[in-house]
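Dumped structure37.cif below, it's mmCIF, C-alpha atoms:
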```
data_data
loop_
_atom_site.label_atom_id
_atom_site.label_comp_id
_atom_site.auth_asym_id
_atom_site.auth_seq_id
_atom_site.Cartn_x
_atom_site.Cartn_y
_atom_site.Cartn_z
CA MET A 1 3.53 -29.09 -64.39
CA ARG A 2 2.66 -25.48 -63.57
CA THR A 3 4.72 -25.52 -60.37
CA ARG A 4 7.73 -27.07 -62.05
CA ILE A 5 7.67 -24.56 -64.95
CA ALA A 6 7.41 -21.71 -62.45
CA GLU A 7 10.43 -23.17 -60.64
CA ILE A 8 12.40 -23.32 -63.88
CA ILE A 9 11.61 -19.69 -64.69
CA ILE A 10 12.51 -18.56 -61.17
CA ASN A 11 15.77 -20.54 -61.19
CA GLU A 12 16.90 -19.54 -64.66
CA LEU A 13 16.14 -15.86 -64.14
CA LYS A 14 17.41 -15.94 -60.54
CA LEU A 15 14.25 -14.16 -59.38
CA LYS A 16 14.22 -13.12 -55.74
CA ASP A 17 11.28 -12.92 -53.31
CA VAL A 18 9.02 -15.13 -55.40
CA THR A 19 8.06 -18.79 -55.13
CA PRO A 20 6.17 -21.07 -57.52
CA GLY A 21 3.14 -20.45 -55.32
CA THR A 22 3.32 -16.68 -55.58
CA PHE A 23 4.46 -16.46 -59.20
CA ASP A 24 1.99 -14.38 -61.23
CA PRO A 25 0.91 -16.67 -64.11
CA ASN A 26 0.16 -13.68 -66.32
CA LEU A 27 3.43 -11.86 -65.67
CA ASP A 28 4.89 -11.12 -69.11
CA LEU A 29 8.52 -12.21 -69.10
CA ILE A 30 9.42 -9.83 -71.91
CA GLU A 31 7.28 -6.78 -71.17
CA ASP A 32 7.36 -6.96 -67.36
CA LEU A 33 10.71 -8.59 -66.59
CA GLY A 34 12.62 -7.28 -69.61
CA ILE A 35 14.12 -10.61 -70.63
CA ASP A 36 14.94 -11.24 -74.27
CA SER A 37 15.57 -14.06 -76.69
CA MET A 38 18.64 -15.63 -75.07
CA GLU A 39 17.13 -15.85 -71.60
CA LEU A 40 13.88 -17.17 -73.06
CA THR A 41 15.78 -19.72 -75.14
CA THR A 42 17.52 -20.97 -72.00
CA ILE A 43 14.17 -21.41 -70.23
CA VAL A 44 12.68 -23.16 -73.26
CA VAL A 45 15.61 -25.57 -73.58
CA VAL A 46 15.27 -26.62 -69.92
CA ILE A 47 11.50 -27.04 -70.31
CA GLN A 48 12.02 -29.17 -73.43
CA ASP A 49 14.25 -31.51 -71.43
CA GLU A 50 11.96 -31.63 -68.46
CA PHE A 51 8.75 -32.43 -70.34
CA GLY A 52 10.18 -34.28 -73.31
CA VAL A 53 8.64 -32.01 -75.92
CA LYS A 54 10.22 -30.31 -78.94
CA ILE A 55 9.48 -26.60 -79.07
CA ASP A 56 9.85 -24.98 -82.47
CA GLU A 57 11.96 -21.80 -82.55
CA ASP A 58 9.14 -20.01 -84.36
CA ASP A 59 6.97 -20.55 -81.28
CA PHE A 60 9.40 -19.03 -78.75
CA GLY A 61 7.76 -15.62 -79.13
CA GLU A 62 4.41 -17.05 -77.92
CA LEU A 63 5.86 -18.32 -74.65
CA THR A 64 5.85 -15.09 -72.73
CA THR A 65 3.86 -15.93 -69.57
CA LEU A 66 3.62 -18.94 -67.27
CA ASN A 67 0.03 -19.49 -68.39
CA LYS A 68 0.97 -19.43 -72.07
CA ILE A 69 3.86 -21.84 -71.51
CA VAL A 70 1.68 -24.28 -69.56
CA LYS A 71 -1.04 -24.15 -72.19
CA TYR A 72 1.52 -24.69 -74.96
CA ILE A 73 3.14 -27.70 -73.26
CA GLU A 74 -0.26 -29.26 -72.45
CA LYS A 75 -1.24 -28.95 -76.10
CA LYS A 76 2.07 -30.44 -77.25
CA LYS A 77 1.70 -33.39 -74.90
CA GLY A 78 -1.84 -33.93 -76.16
CA MET B 1 21.32 -36.04 -74.28
CA THR B 2 19.59 -33.36 -72.21
CA PHE B 3 20.82 -29.83 -71.68
CA GLN B 4 21.37 -30.56 -67.99
CA GLN B 5 23.52 -33.57 -68.91
CA ILE B 6 25.58 -31.41 -71.26
CA LEU B 7 26.08 -28.89 -68.47
CA SER B 8 27.31 -31.61 -66.13
CA ASN B 9 30.62 -31.41 -68.02
CA PRO B 10 32.58 -28.95 -65.79
CA GLU B 11 34.50 -27.32 -68.64
CA ILE B 12 31.32 -26.74 -70.65
CA ASN B 13 29.47 -25.48 -67.61
CA GLU B 14 32.24 -23.02 -66.76
CA ARG B 15 32.18 -21.60 -70.30
CA TRP B 16 28.37 -21.48 -70.28
CA GLN B 17 28.39 -19.48 -67.05
CA LYS B 18 30.98 -17.14 -68.56
CA VAL B 19 29.07 -16.33 -71.76
CA LYS B 20 25.65 -16.30 -70.11
CA LYS B 21 26.56 -13.15 -68.19
CA TYR B 22 26.40 -11.26 -71.49
CA PHE B 23 22.87 -12.24 -72.48
CA PHE B 24 21.82 -8.73 -71.46
CA LEU B 25 23.37 -7.26 -74.61
CA ARG B 26 20.76 -5.64 -76.89
CA GLU B 27 22.24 -4.28 -80.08
CA SER B 28 21.41 -1.57 -82.57
CA THR B 29 23.63 0.03 -85.23
CA TYR B 30 24.17 3.60 -86.33
CA ASP B 31 25.61 5.15 -89.48
CA MET B 32 27.60 8.06 -88.10
CA THR B 33 28.25 9.99 -91.32
CA ASN B 34 27.86 9.56 -95.07
CA ARG B 35 31.51 10.56 -95.58
CA CYS B 36 34.53 8.31 -95.88
CA ASN B 37 38.21 8.85 -96.59
CA LEU B 38 38.35 5.68 -98.70
CA ARG B 39 36.31 4.32 -101.58
CA CYS B 40 36.49 0.54 -101.47
CA ASP B 41 35.31 -1.83 -104.16
CA GLY B 42 32.37 -3.85 -102.82
CA CYS B 43 31.58 -1.50 -99.89
CA TYR B 44 28.02 -2.13 -98.73
CA TYR B 45 27.65 1.41 -97.33
CA TYR B 46 27.70 2.99 -100.78
CA GLU B 47 24.87 0.79 -102.03
CA GLY B 48 21.17 1.51 -101.54
CA ALA B 49 19.47 4.60 -100.12
CA LYS B 50 21.37 5.07 -96.84
CA GLN B 51 24.38 6.73 -98.52
CA PHE B 52 22.13 9.68 -99.54
CA SER B 53 21.03 10.51 -95.99
CA ASN B 54 21.97 13.92 -94.68
CA ASP B 55 24.44 13.92 -91.80
CA GLU B 56 23.21 14.94 -88.39
CA ARG B 57 26.29 16.64 -86.96
CA ASP B 58 24.94 17.97 -83.68
CA PRO B 59 26.38 15.92 -80.77
CA GLY B 60 23.40 17.00 -78.65
CA LYS B 61 21.00 15.27 -81.04
CA TRP B 62 23.11 12.11 -80.99
CA ARG B 63 23.17 12.25 -77.20
CA ALA B 64 19.38 12.58 -77.18
CA LEU B 65 19.06 9.60 -79.55
CA MET B 66 21.31 7.49 -77.32
CA THR B 67 19.26 8.44 -74.27
CA ALA B 68 16.10 7.33 -76.06
CA GLU B 69 17.80 4.13 -77.19
CA LYS B 70 18.88 3.37 -73.65
CA GLU B 71 15.33 3.91 -72.46
CA ARG B 72 14.00 1.38 -74.94
CA GLY B 73 16.52 -1.19 -73.69
CA ILE B 74 19.50 -0.92 -76.04
CA THR B 75 22.70 -1.81 -74.18
CA PHE B 76 25.20 -2.22 -77.02
CA VAL B 77 25.78 0.12 -79.96
CA VAL B 78 27.66 -0.50 -83.18
CA LEU B 79 28.85 2.73 -84.80
CA ALA B 80 29.51 2.22 -88.47
CA GLY B 81 29.20 3.71 -92.00
CA ALA B 82 30.64 5.39 -93.67
CA GLU B 83 33.73 6.27 -91.53
CA PRO B 84 33.09 7.03 -87.83
CA GLY B 85 36.71 8.21 -87.47
CA LEU B 86 35.69 11.40 -89.28
CA VAL B 87 33.21 12.32 -86.52
CA PRO B 88 34.93 11.48 -83.20
CA GLU B 89 32.82 14.05 -81.34
CA LEU B 90 29.66 12.13 -82.29
CA CYS B 91 31.23 8.83 -81.20
CA GLN B 92 32.08 10.48 -77.89
CA ALA B 93 28.47 11.66 -77.49
CA CYS B 94 27.29 8.06 -77.97
CA TYR B 95 29.88 6.66 -75.56
CA ASP B 96 28.92 9.15 -72.87
CA VAL B 97 25.40 7.68 -72.79
CA ILE B 98 25.84 3.99 -73.76
CA PRO B 99 29.37 2.88 -72.87
CA LEU B 100 29.22 -0.62 -74.34
CA GLY B 101 29.77 -0.92 -78.04
CA CYS B 102 32.00 -1.17 -81.03
CA ILE B 103 33.13 1.06 -83.88
CA ALA B 104 33.67 -0.27 -87.40
CA SER B 105 36.48 1.82 -88.86
CA ASN B 106 39.07 1.80 -91.61
CA GLY B 107 41.52 2.74 -88.86
CA LEU B 108 43.30 5.50 -90.72
CA ARG B 109 42.52 8.02 -88.00
CA PRO B 110 43.04 7.22 -84.32
CA PHE B 111 40.11 7.73 -81.95
CA PRO B 112 40.35 9.91 -78.84
CA GLU B 113 41.11 7.92 -75.69
CA GLY B 114 37.80 9.00 -74.19
CA VAL B 115 35.88 6.91 -76.71
CA GLY B 116 36.21 3.61 -74.88
CA TYR B 117 34.47 1.35 -77.38
CA ARG B 118 35.97 -1.69 -79.02
CA ILE B 119 37.32 -0.57 -82.43
CA HIS B 120 37.33 -2.87 -85.44
CA VAL B 121 39.98 -1.95 -87.98
CA SER B 122 39.32 -3.33 -91.46
CA VAL B 123 42.18 -4.97 -93.39
CA TRP B 124 41.74 -6.08 -96.99
CA GLY B 125 44.83 -7.98 -98.15
CA ASP B 126 48.41 -6.80 -98.59
CA ASP B 127 49.50 -3.30 -99.55
CA ALA B 128 49.23 -3.88 -103.30
CA GLU B 129 45.77 -5.39 -102.91
CA SER B 130 44.68 -2.57 -100.64
CA LYS B 131 45.84 0.00 -103.22
CA LYS B 132 43.91 -1.83 -105.91
CA TYR B 133 40.60 -2.18 -104.08
CA ARG B 134 40.71 0.67 -101.51
CA GLY B 135 42.87 3.21 -103.29
CA ARG B 136 45.78 3.13 -100.84
CA ALA B 137 47.88 0.86 -98.62
CA CYS B 138 46.50 1.06 -95.09
CA LEU B 139 48.10 -1.42 -92.70
CA ASP B 140 51.25 0.51 -91.70
CA GLN B 141 49.17 3.52 -90.71
CA GLN B 142 46.55 1.35 -89.00
CA LEU B 143 49.21 -0.41 -86.94
CA GLN B 144 50.74 2.92 -85.99
CA SER B 145 47.38 4.45 -85.08
CA PHE B 146 46.45 1.57 -82.79
CA LYS B 147 49.83 0.51 -81.37
CA ASP B 148 49.31 -0.88 -77.83
CA ASP B 149 45.64 0.14 -77.99
CA ASP B 150 43.57 -2.55 -76.29
CA ARG B 151 40.43 -1.22 -77.99
CA ALA B 152 41.58 -2.38 -81.41
CA ILE B 153 40.76 -5.64 -83.12
CA PHE B 154 41.97 -5.93 -86.72
CA VAL B 155 39.44 -7.58 -89.02
CA TYR B 156 40.95 -9.34 -92.02
CA THR B 157 38.33 -9.66 -94.73
CA PHE B 158 38.91 -12.67 -96.95
CA THR B 159 38.14 -12.06 -100.62
CA ARG B 160 38.71 -14.40 -103.52
CA PRO B 161 41.98 -12.73 -104.59
CA ASN B 162 43.54 -12.11 -101.15
CA ILE B 163 43.48 -15.53 -99.46
CA ASP B 164 47.17 -16.17 -100.00
CA GLN B 165 48.06 -12.76 -98.58
CA ALA B 166 46.48 -13.46 -95.21
CA LYS B 167 49.49 -15.25 -93.70
CA GLY B 168 51.81 -12.30 -94.33
CA GLU B 169 49.33 -9.69 -93.08
CA ILE B 170 48.37 -11.61 -89.95
CA HIS B 171 52.07 -12.02 -89.21
CA ARG B 172 52.53 -8.24 -89.50
CA ILE B 173 49.63 -7.62 -87.13
CA ALA B 174 50.74 -10.25 -84.59
CA ASP B 175 54.31 -9.00 -84.78
CA HIS B 176 53.07 -5.55 -83.72
CA GLY B 177 51.19 -7.02 -80.77
CA GLY B 178 47.81 -6.64 -82.46
CA ARG B 179 44.83 -8.98 -82.30
CA VAL B 180 42.88 -10.03 -85.34
CA THR B 181 39.72 -11.83 -86.37
CA PHE B 182 38.37 -12.87 -89.75
CA ASN B 183 35.59 -11.66 -91.98
CA MET B 184 34.28 -13.11 -95.20
CA PHE B 185 33.58 -10.76 -98.09
CA SER B 186 29.81 -10.73 -98.57
CA PRO B 187 28.79 -8.97 -101.76
CA PRO B 188 26.28 -6.14 -101.81
CA VAL B 189 23.15 -6.81 -103.84
CA GLY B 190 24.04 -6.60 -107.55
CA TYR B 191 27.83 -6.63 -107.03
CA LYS B 192 29.63 -7.89 -110.15
CA GLY B 193 33.29 -7.48 -109.15
CA ASP B 194 35.90 -10.16 -108.65
CA LEU B 195 35.99 -10.25 -104.82
CA THR B 196 33.12 -12.72 -104.45
CA MET B 197 34.15 -16.13 -103.16
CA ASP B 198 33.52 -19.40 -104.97
CA ALA B 199 33.44 -22.97 -103.61
CA GLU B 200 37.17 -23.49 -104.03
CA SER B 201 38.09 -20.18 -102.41
CA PHE B 202 35.81 -20.91 -99.44
CA ARG B 203 37.72 -24.12 -98.83
CA ARG B 204 41.09 -22.38 -99.17
CA ALA B 205 40.00 -19.58 -96.85
CA ARG B 206 38.81 -22.07 -94.22
CA ASP B 207 42.13 -23.96 -94.33
CA CYS B 208 44.04 -20.70 -94.10
CA MET B 209 41.98 -19.53 -91.11
CA LEU B 210 42.57 -22.78 -89.26
CA GLU B 211 46.31 -22.67 -89.93
CA LEU B 212 46.53 -19.08 -88.67
CA LEU B 213 44.43 -19.91 -85.62
CA GLU B 214 46.92 -22.61 -84.71
CA ARG B 215 50.01 -20.54 -85.54
CA TYR B 216 48.97 -17.37 -83.66
CA PRO B 217 46.79 -18.53 -80.75
CA GLY B 218 47.32 -15.31 -78.81
CA ALA B 219 46.72 -12.93 -81.70
CA VAL B 220 43.95 -14.66 -83.66
CA LEU B 221 40.48 -14.48 -82.10
CA TYR B 222 38.57 -17.18 -83.92
CA SER B 223 37.29 -20.75 -83.60
CA ARG B 224 37.16 -23.83 -85.76
CA TYR B 225 33.37 -23.67 -85.82
CA SER B 226 33.46 -20.02 -86.92
CA ALA B 227 35.61 -21.08 -89.89
CA GLU B 228 33.23 -23.92 -90.70
CA VAL B 229 30.05 -21.86 -90.76
CA HIS B 230 31.49 -18.77 -92.43
CA CYS B 231 33.23 -20.81 -95.15
CA ASP B 232 30.30 -23.10 -95.91
CA PRO B 233 30.25 -23.04 -99.71
CA GLU B 234 26.72 -24.39 -99.92
CA ARG B 235 24.79 -22.15 -97.53
CA SER B 236 24.91 -18.54 -96.47
CA LEU B 237 24.37 -17.82 -92.78
CA HIS B 238 20.72 -16.99 -93.46
CA GLN B 239 20.19 -20.19 -95.42
CA ARG B 240 21.83 -22.28 -92.72
CA PHE B 241 20.47 -20.69 -89.54
CA ARG B 242 17.80 -18.14 -90.57
CA CYS B 243 18.78 -14.56 -89.96
CA PRO B 244 16.98 -12.88 -87.03
CA TYR B 245 17.58 -9.28 -88.21
CA PRO B 246 14.38 -7.41 -89.20
CA ARG B 247 15.22 -7.39 -92.93
CA CYS B 248 14.83 -11.19 -92.97
CA ASN B 249 12.57 -11.64 -89.97
CA PRO B 250 9.00 -10.30 -89.75
CA ASP B 251 8.55 -11.47 -86.13
CA THR B 252 8.46 -8.42 -83.83
CA ARG B 253 7.78 -10.31 -80.60
CA LEU B 254 11.30 -11.19 -79.55
CA GLY B 255 15.03 -10.62 -79.96
CA LEU B 256 16.49 -8.62 -82.82
CA GLY B 257 13.17 -8.65 -84.66
CA ARG B 258 11.73 -6.74 -81.72
CA SER B 259 14.48 -4.33 -80.72
CA PHE B 260 17.07 -3.96 -83.49
CA ARG B 261 17.22 -0.73 -85.46
CA GLN B 262 19.71 0.43 -88.05
CA TYR B 263 19.88 4.21 -87.96
CA ARG B 264 21.05 6.21 -90.92
CA SER B 265 23.26 9.26 -90.48
CA ASP B 266 20.14 11.49 -90.39
CA LEU B 267 18.86 9.49 -87.35
CA THR B 268 16.00 7.85 -89.26
CA TRP B 269 15.52 4.12 -89.62
CA ASP B 270 13.47 1.74 -91.77
CA ARG B 271 12.55 -1.72 -90.47
CA SER B 272 12.29 -3.21 -93.95
CA VAL B 273 16.01 -2.77 -94.60
CA ALA B 274 17.34 -3.07 -91.06
CA CYS B 275 20.27 -5.39 -90.49
CA CYS B 276 23.91 -5.07 -89.46
CA VAL B 277 25.15 -4.95 -93.07
CA PRO B 278 22.30 -3.37 -95.07
CA ASP B 279 22.28 -3.86 -98.85
CA THR B 280 24.36 -7.03 -98.54
CA ASP B 281 22.96 -9.96 -100.49
CA CYS B 282 21.37 -12.16 -97.78
CA GLY B 283 21.68 -15.22 -100.02
CA ASP B 284 25.45 -14.81 -99.98
CA CYS B 285 26.01 -13.22 -96.56
CA ARG B 286 28.76 -14.71 -94.42
CA HIS B 287 29.74 -11.43 -92.80
CA TYR B 288 31.37 -11.67 -89.37
CA ALA B 289 28.98 -9.11 -87.91
CA SER B 290 25.86 -10.91 -89.07
CA GLY B 291 27.21 -14.26 -87.91
CA SER B 292 27.80 -12.85 -84.45
CA ALA B 293 24.06 -12.35 -84.11
CA ILE B 294 22.77 -15.19 -86.29
CA VAL B 295 24.77 -18.08 -84.85
CA THR B 296 24.60 -16.76 -81.29
CA SER B 297 20.81 -16.45 -81.43
CA ARG B 298 20.45 -20.06 -82.60
CA MET B 299 21.50 -21.67 -79.34
CA ALA B 300 18.49 -23.99 -79.49
CA GLN B 301 19.92 -25.56 -82.64
CA HIS B 302 23.12 -26.46 -80.76
CA VAL B 303 21.90 -28.30 -77.66
CA GLY B 304 21.59 -31.79 -79.14
CA SER B 305 25.02 -32.99 -78.02
CA GLU B 306 28.10 -31.94 -76.09
CA LEU B 307 29.96 -31.41 -79.34
CA ASP B 308 27.32 -29.14 -80.85
CA PHE B 309 27.14 -27.09 -77.68
CA GLU B 310 30.95 -26.80 -77.50
CA LYS B 311 30.93 -25.45 -81.05
CA TRP B 312 28.31 -22.88 -80.13
CA LEU B 313 30.15 -21.88 -76.95
CA ASP B 314 33.37 -21.36 -78.93
CA TYR B 315 31.48 -19.22 -81.39
CA VAL B 316 29.90 -17.06 -78.69
CA ASP B 317 33.16 -16.83 -76.74
CA THR B 318 34.84 -15.58 -79.93
CA TYR B 319 32.03 -13.13 -80.68
CA LEU B 320 32.21 -11.63 -77.19
CA ALA B 321 36.02 -11.33 -77.27
CA VAL B 322 35.84 -9.60 -80.64
CA TRP B 323 33.00 -7.21 -79.82
CA VAL B 324 33.12 -6.49 -76.10
CA ARG B 325 36.12 -4.64 -74.72
CA GLY B 326 37.47 -6.35 -71.62
CA TYR B 327 36.04 -9.79 -72.42
CA GLU B 328 38.89 -12.28 -72.74
CA LYS B 329 38.57 -15.32 -74.96
CA GLY B 330 39.10 -18.77 -73.49
CA ARG B 331 40.68 -21.72 -75.28
CA ASN B 332 38.49 -23.32 -77.92
CA LEU B 333 36.66 -26.42 -76.69
CA TYR B 334 36.06 -27.84 -80.18
CA THR B 335 39.44 -28.33 -81.87
#
```
Represent the structure contained in this file as structure tokens.
Amino acid sequence: MRTRIAEIIINELKLKDVTPGTFDPNLDLIEDLGIDSMELTTIVVVIQDEFGVKIDEDDFGELTTLNKIVKYIEKKKG
Amino acid sequence: MTFQQILSNPEINERWQKVKKYFFLRESTYDMTNRCNLRCDGCYYYEGAKQFSNDERDPGKWRALMTAEKERGITFVVLAGAEPGLVPELCQACYDVIPLGCIASNGLRPFPEGVGYRIHVSVWGDDAESKKYRGRACLDQQLQSFKDDDRAIFVYTFTRPNIDQAKGEIHRIADHGGRVTFNMFSPPVGYKGDLTMDAESFRRARDCMLELLERYPGAVLYSRYSAEVHCDPERSLHQRFRCPYPRCNPDTRLGLGRSFRQYRSDLTWDRSVACCVPDTDCGDCRHYASGSAIVTSRMAQHVGSELDFEKWLDYVDTYLAVWVRGYEKGRNLYT
């Protein structure tokens, strides 16, 4: 799951010189990469499809690092 | 249906790639002066505390503000209230630092060519109606001021009494080579005048918008979905989608709740009242400016089917064509 989510982030943000293996799990997508709500929404929508979970819009603001996203999806999937 | 399946439709995917390039836009708005050369019934600027702010008239201070705004990530500025046309030197100072943006103007004074922002020119009904609610007829002068000016988008605000006048006024604008979009009068808090829409007038306005969209496809920048959401008699935009502007949204982690500011003409701002049309009644807000942010930000609510996503793409394509100079609208996918 972690690798696939990292891939989604890298693909959607078109990040260069980084692979799922080298992706910093604590990199803050908003503070460090400067993305905002529309880019994050795109990532979330793809993750929803991929893992078959429904992510509430109120929770988007929590999903700012790879670690936080993984933890959130694991919790959702029970 | 998954998002990836929706994007497998080539026409949808092409439009998605087109609008996605503009996700970098981060907006804030700025009252440029407390002065205006009109006094319009139902004007939201002359409600609340902002109208009593002192004007900062030093272009250097505006330039410094814009530099600070750019540093905190703002990429798109909306220059508004009361009338930015009275302070072109301040608009120029803003443009020199942040060159993407839009000016909301009554259009009675032309802007210097060097101010390269999109310019929204407000139109409120025919000449008689304009005299009644704004104190003078405006459209002839507006058309003259912005003849062959690709910066200008005329914004026809539908009110309860002026729905039947729209066809004639849109014809005048189209006949002069102008482009036009639609706004819905959204009353300021406590407004008791007769401009406020009712259920019947929302339906008539929607039908009128759709007829004009079909009749003037080159001049009218709008979409069927825009007409549907802005003319919903049951729900304001906030009630239907939840407004992300700080006034309605306490969440400071993301999006407009994080970055949006509404500066008064003295360069101060107050999060508790910050939105694109301050002092408008949120429970009755269907303003075109608020919709541009509200509907656009709710992409996640529109990815359940191809049809829903087409509606959203049309809305965003319209919003970008109306607000961003140089962005050209495509044909509507949802018809």
Identify all chain A residues at most 10 Å from chain B by counting all atoms listed in the file; ligands do not count. Present them as a PDB file with C-alpha atoms, in the frame of the given file.
```pdb
ATOM      1  CA  ILE A  30       9.420  -9.830 -71.910  1.00  0.00           C
ATOM      2  CA  GLY A  34      12.620  -7.280 -69.610  1.00  0.00           C
ATOM      3  CA  ILE A  35      14.120 -10.610 -70.630  1.00  0.00           C
ATOM      4  CA  ASP A  36      14.940 -11.240 -74.270  1.00  0.00           C
ATOM      5  CA  SER A  37      15.570 -14.060 -76.690  1.00  0.00           C
ATOM      6  CA  MET A  38      18.640 -15.630 -75.070  1.00  0.00           C
ATOM      7  CA  GLU A  39      17.130 -15.850 -71.600  1.00  0.00           C
ATOM      8  CA  LEU A  40      13.880 -17.170 -73.060  1.00  0.00           C
ATOM      9  CA  THR A  41      15.780 -19.720 -75.140  1.00  0.00           C
ATOM     10  CA  THR A  42      17.520 -20.970 -72.000  1.00  0.00           C
ATOM     11  CA  VAL A  44      12.680 -23.160 -73.260  1.00  0.00           C
ATOM     12  CA  VAL A  45      15.610 -25.570 -73.580  1.00  0.00           C
ATOM     13  CA  VAL A  46      15.270 -26.620 -69.920  1.00  0.00           C
ATOM     14  CA  ILE A  47      11.500 -27.040 -70.310  1.00  0.00           C
ATOM     15  CA  GLN A  48      12.020 -29.170 -73.430  1.00  0.00           C
ATOM     16  CA  ASP A  49      14.250 -31.510 -71.430  1.00  0.00           C
ATOM     17  CA  GLU A  50      11.960 -31.630 -68.460  1.00  0.00           C
ATOM     18  CA  GLY A  52      10.180 -34.280 -73.310  1.00  0.00           C
ATOM     19  CA  ILE A  55       9.480 -26.600 -79.070  1.00  0.00           C
ATOM     20  CA  ASP A  56       9.850 -24.980 -82.470  1.00  0.00           C
ATOM     21  CA  GLU A  57      11.960 -21.800 -82.550  1.00  0.00           C
ATOM     22  CA  ASP A  58       9.140 -20.010 -84.360  1.00  0.00           C
ATOM     23  CA  PHE A  60       9.400 -19.030 -78.750  1.00  0.00           C
ATOM     24  CA  GLY A  61       7.760 -15.620 -79.130  1.00  0.00           C
ATOM     25  CA  GLU A  62       4.410 -17.050 -77.920  1.00  0.00           C
ATOM     26  CA  THR A  64       5.850 -15.090 -72.730  1.00  0.00           C
TER      27      THR A  64
END
```
Taking the file as I've supplied it (selection: the PyMOL selection byres ((chain A and resi 2) around 12)), which residues are included? Please answer as number ranges by chain. A: 1, 3-9, 20-25, 47, 51, 65-74
Which residues would end up in the selection if the PyMOL selection byres ((chain B and resi 216-224) around 7) were applied here, given that I need the answer as a ChimeraX atom specification? /B:174,178-181,210,212-215,225-228,314-315,318,322,332,334-335
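Picked out by the PyMOL selection byres ((chain B and resi 267-284) around 7) when it runs on this file: Thr29, Tyr44, Glu47, Gly48, Ser186, Pro187, Pro188, Val189, Ser236, His238, Gln239, Tyr245, Pro246, Arg247, Arg261, Gln262, Tyr263, Arg264, Ser265, Asp266, Cys285, Arg286, Ala289 and Ser290 of chain B.
Rounded to one decimal, CA of Met32 in chain B and CA of Ile170 in chain B lie 28.7 Å from each other.
Near Lys70 in chain B, within 8 Å and counting all atoms listed in the file, sit Met66, Ile74, Thr75, Val97 and Ile98 of chain B, not including residues fewer than 4 positions from it in the same chain.
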Set the distance at 10 Å and use only C-alpha atoms: which residues neighbour Glu89 in chain B once local chain neighbours fewer than 6 positions away are removed? I'd like the list as a list in words. Arg57, Asp58, Pro59, Trp62, Tyr95, Phe111, Pro112 and Val115 of chain B
Quick one, how far is CA of Ala104 in chain B from CA of Cys231 in chain B? 22.0 Å
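Excluding Arg63 in chain B itself and any same-chain residue fewer than 3 positions from it, the protein and nucleic acid residues within 6 Å of it, counting only C-alpha atoms, are Gly60, Met66, Ala93 and Cys94 of chain B.
Taking CA of Trp323 in chain B as the reference point, CA of Arg118 in chain B is found at 6.3 Å.
Of the listed residues B:Gly116, B:Gly107, B:Pro161, B:Pro233, the one whose atoms come nearest to Gly326 in chain B is B:Gly116, with distances taken using all atoms listed in the file.
Nearest residue to Asn162 in chain B among B:Asp55, B:Asp308, B:Asp317, B:Asp194 is B:Asp194, counting all atoms listed in the file.
You can rank B:His171, B:Glu129, B:Ser53, B:Gln17 by their closest distance to Glu12 in chain A using all atoms listed in the file, and at the top of that list sits B:Gln17.
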